[in-house]
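Asks: Sharing a structure, written as structure tokens. Questions coming.
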Amino acid sequence: MHSVTNPLQACNDIFFKPGGVFTAVGEKNNWSWVAFIVVIVMALLPQYLFVNFVDIAWYQDLIISTEGDLSPAEIDQRRAFMTRSAFMLQHVVFTGIGFIVIQAIMALYLHLCTRNDDSHVFGFTDWYGFMWWTAMPAVINSLVAVALLLFWADHQVSPAILAPFSLAFVLGIEMSSQWYGVASGLSLITLWSIYLMAVGIARWTSFSTKKSVIIAAAPSVFFTSLFALFALT
């Protein structure tokens, strides 16, 4: 059986042999702090680089163009608030806080979904640590995003570059499109995280593979469907 002996090895093996990682994480204390730090740092790095790289005047116009018909006074007011510092707060601080909150919500969801498991031994904090291991594909996303930003010639670049594995970036869907939000969420990284979640649920519970996949995929399917309905209206 594959043996994972330390959290740094777990950070590597989660991409290749996730089952052994989840087994080890379920038995060890505090390993998930390593995954948390790695994911948060790597998730925020491309956000920081993007704000420092993008043409701010162009980015202001791009965002304003998505807000419908505004009067000249309203446009000037919006532009006055959209400074590089404000974008940095939005992209870095709010992204970090949002990530932490979403992971907590997902941990609560998994905790509730697994309470009827006969071998139920994991509480909310265990599932919260678990979620950071399922988020490790974000590291791959961030590495590619950083590489693209470092070699991108044009400073007029869409924030879709921050999710290079998403349909929004691959298909070049503009922010003004009603499908931008949906396309941004449809990503290979999301599918990878769902796969890891399913593997982990199957390892931590007595649930079947099918049930584990359904539990792992349900939130993404629900919210993607909801956003698609909004886009159609």
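Letters A, B, ... go to the chains of the structure tokens in the order shown; residues in each chain start at 1; ligands are counted from 1 in the same order.
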Contacts of segment 62-69 of chain A at 8 Å or less, counting only C-alpha atoms, minus same-chain residues fewer than 4 places along, as a JSON list (two decimals) with C-alpha atoms, in the first residue's frame?
Replies:
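Saved the output as result.json:
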```json
[["chain", "number", "residue", "atom", "x", "y", "z"],
["A", 58, "TRP", "CA", -8.38, 49.91, -19.77],
["A", 75, "ILE", "CA", -18.88, 56.76, -14.89],
["A", 78, "ARG", "CA", -17.04, 54.69, -10.59],
["A", 175, "MET", "CA", -16.63, 39.94, -19.41],
["A", 176, "SER", "CA", -19.56, 41.70, -21.06]]
```
Asks: Counting only C-alpha atoms, what is within 8 Å of segment 92-107 of chain A, bar same-chain residues fewer than 5 positions away, as a PDB file with N, CA and C atoms, in the first residue's frame?
Replies:
```pdb
ATOM      1  N   ILE A  40      -3.425  28.938  -0.452  1.00  0.00           N
ATOM      2  CA  ILE A  40      -3.719  30.367  -0.312  1.00  0.00           C
ATOM      3  C   ILE A  40      -2.633  31.219  -0.961  1.00  0.00           C
ATOM      4  N   ALA A  43      -2.816  30.800  -4.713  1.00  0.00           N
ATOM      5  CA  ALA A  43      -4.040  31.373  -5.276  1.00  0.00           C
ATOM      6  C   ALA A  43      -3.957  32.895  -5.363  1.00  0.00           C
ATOM      7  N   LEU A  44      -3.290  33.515  -4.391  1.00  0.00           N
ATOM      8  CA  LEU A  44      -3.218  34.977  -4.351  1.00  0.00           C
ATOM      9  C   LEU A  44      -2.096  35.545  -5.211  1.00  0.00           C
ATOM     10  N   GLN A  47      -3.202  36.787  -8.607  1.00  0.00           N
ATOM     11  CA  GLN A  47      -4.084  37.943  -8.414  1.00  0.00           C
ATOM     12  C   GLN A  47      -3.250  39.209  -8.217  1.00  0.00           C
ATOM     13  N   TYR A  48      -2.225  39.094  -7.396  1.00  0.00           N
ATOM     14  CA  TYR A  48      -1.327  40.224  -7.133  1.00  0.00           C
ATOM     15  C   TYR A  48      -0.606  40.656  -8.408  1.00  0.00           C
ATOM     16  N   PHE A 124     -16.472  18.694  11.631  1.00  0.00           N
ATOM     17  CA  PHE A 124     -16.376  19.837  10.719  1.00  0.00           C
ATOM     18  C   PHE A 124     -14.931  20.254  10.472  1.00  0.00           C
ATOM     19  N   THR A 125     -14.132  20.352  11.529  1.00  0.00           N
ATOM     20  CA  THR A 125     -12.749  20.812  11.349  1.00  0.00           C
ATOM     21  C   THR A 125     -11.932  19.827  10.515  1.00  0.00           C
ATOM     22  N   TRP A 127     -13.163  17.988   8.062  1.00  0.00           N
ATOM     23  CA  TRP A 127     -13.573  18.206   6.672  1.00  0.00           C
ATOM     24  C   TRP A 127     -13.050  19.541   6.138  1.00  0.00           C
ATOM     25  N   TYR A 128     -12.892  20.512   7.041  1.00  0.00           N
ATOM     26  CA  TYR A 128     -12.327  21.790   6.593  1.00  0.00           C
ATOM     27  C   TYR A 128     -10.884  21.601   6.144  1.00  0.00           C
ATOM     28  N   PHE A 130      -9.677  18.789   5.104  1.00  0.00           N
ATOM     29  CA  PHE A 130      -9.839  17.952   3.909  1.00  0.00           C
ATOM     30  C   PHE A 130     -10.011  18.807   2.652  1.00  0.00           C
ATOM     31  N   MET A 131     -10.819  19.867   2.773  1.00  0.00           N
ATOM     32  CA  MET A 131     -11.130  20.696   1.607  1.00  0.00           C
ATOM     33  C   MET A 131      -9.890  21.352   1.007  1.00  0.00           C
ATOM     34  N   TRP A 132      -8.894  21.655   1.827  1.00  0.00           N
ATOM     35  CA  TRP A 132      -7.690  22.297   1.292  1.00  0.00           C
ATOM     36  C   TRP A 132      -6.869  21.331   0.448  1.00  0.00           C
TER      37      TRP A 132
END
```
Asks: Work out how far atom CA of Ala198 of chain A is from atom CA of Ser212 of chain A, in Å to one decimal.
Replies: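 About the pair atom CA of Ser212 of chain A and atom CA of Ala198 of chain A: they are 4.9 Å apart.
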Asks: Which polymer residues have any atom within 10 Å of an atom of Phe22 of chain A, counting only C-alpha atoms, with same-chain residues fewer than 2 positions away left out, as a ChimeraX atom specification?
Replies: /A:4,10,14,17-20,24-28,130,133-134,196-197,199-204
Asks: Pick the closest to Val144 of chain A from A:Val41, A:Ala163, A:Val157, A:Ala218: which is it, counting only C-alpha atoms?
Replies: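 Closest residue, counting only C-alpha atoms: A:Ala163.
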Asks: Taking only C-alpha atoms into account, name the residue in A:Thr205, A:Trp179, A:Phe50, A:Leu162 that is nearest to Phe122 of chain A.
Replies: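 When distances to Phe122 of chain A are compared using only C-alpha atoms, the smallest one comes from A:Thr205.
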Asks: Write out as a list in words each polymer residue whose atoms come within 12 Å of Phe53 of chain A, counting only C-alpha atoms; drop sequence neighbours fewer than 3 positions from it.
Replies: Pro46, Gln47, Tyr48, Leu49, Phe50, Ile56, Ala57, Trp58, Tyr59, Arg84, Phe87, Met88, Val146, Leu148, Leu149, Leu150, Phe151, Trp152, Ala153, Asp154, His155, Gln156, Val157, Ser158, Pro159 and Ile161 of chain A
Asks: Can you pull out the residues contacting Val39 of chain A? Cut-off 9 Å, using only C-alpha atoms, and skip same-chain residues under 6 positions away; I want them as a PyMOL selection string.
Replies: chain A and resi 132-133+135-139
Asks: What residues in segment 121-196 of chain A get the DSSP label helix (DSSP H, G or I)? Please answer as a count of residues only.
Replies: 49
Asks: Quick one: distance from atom CA of Cys113 of chain A to atom CA of Trp31 of chain A in Å, one decimal?
Replies: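 Between these atoms lies a distance of 23.2 Å.
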Asks: Out of A:His111, A:His91, A:Phe230, A:Leu45, which residue has the shortest atom-to-atom distance to Ala147 of chain A when counting only C-alpha atoms?
Replies: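 Closest to Ala147 of chain A of all the choices is A:Leu45.
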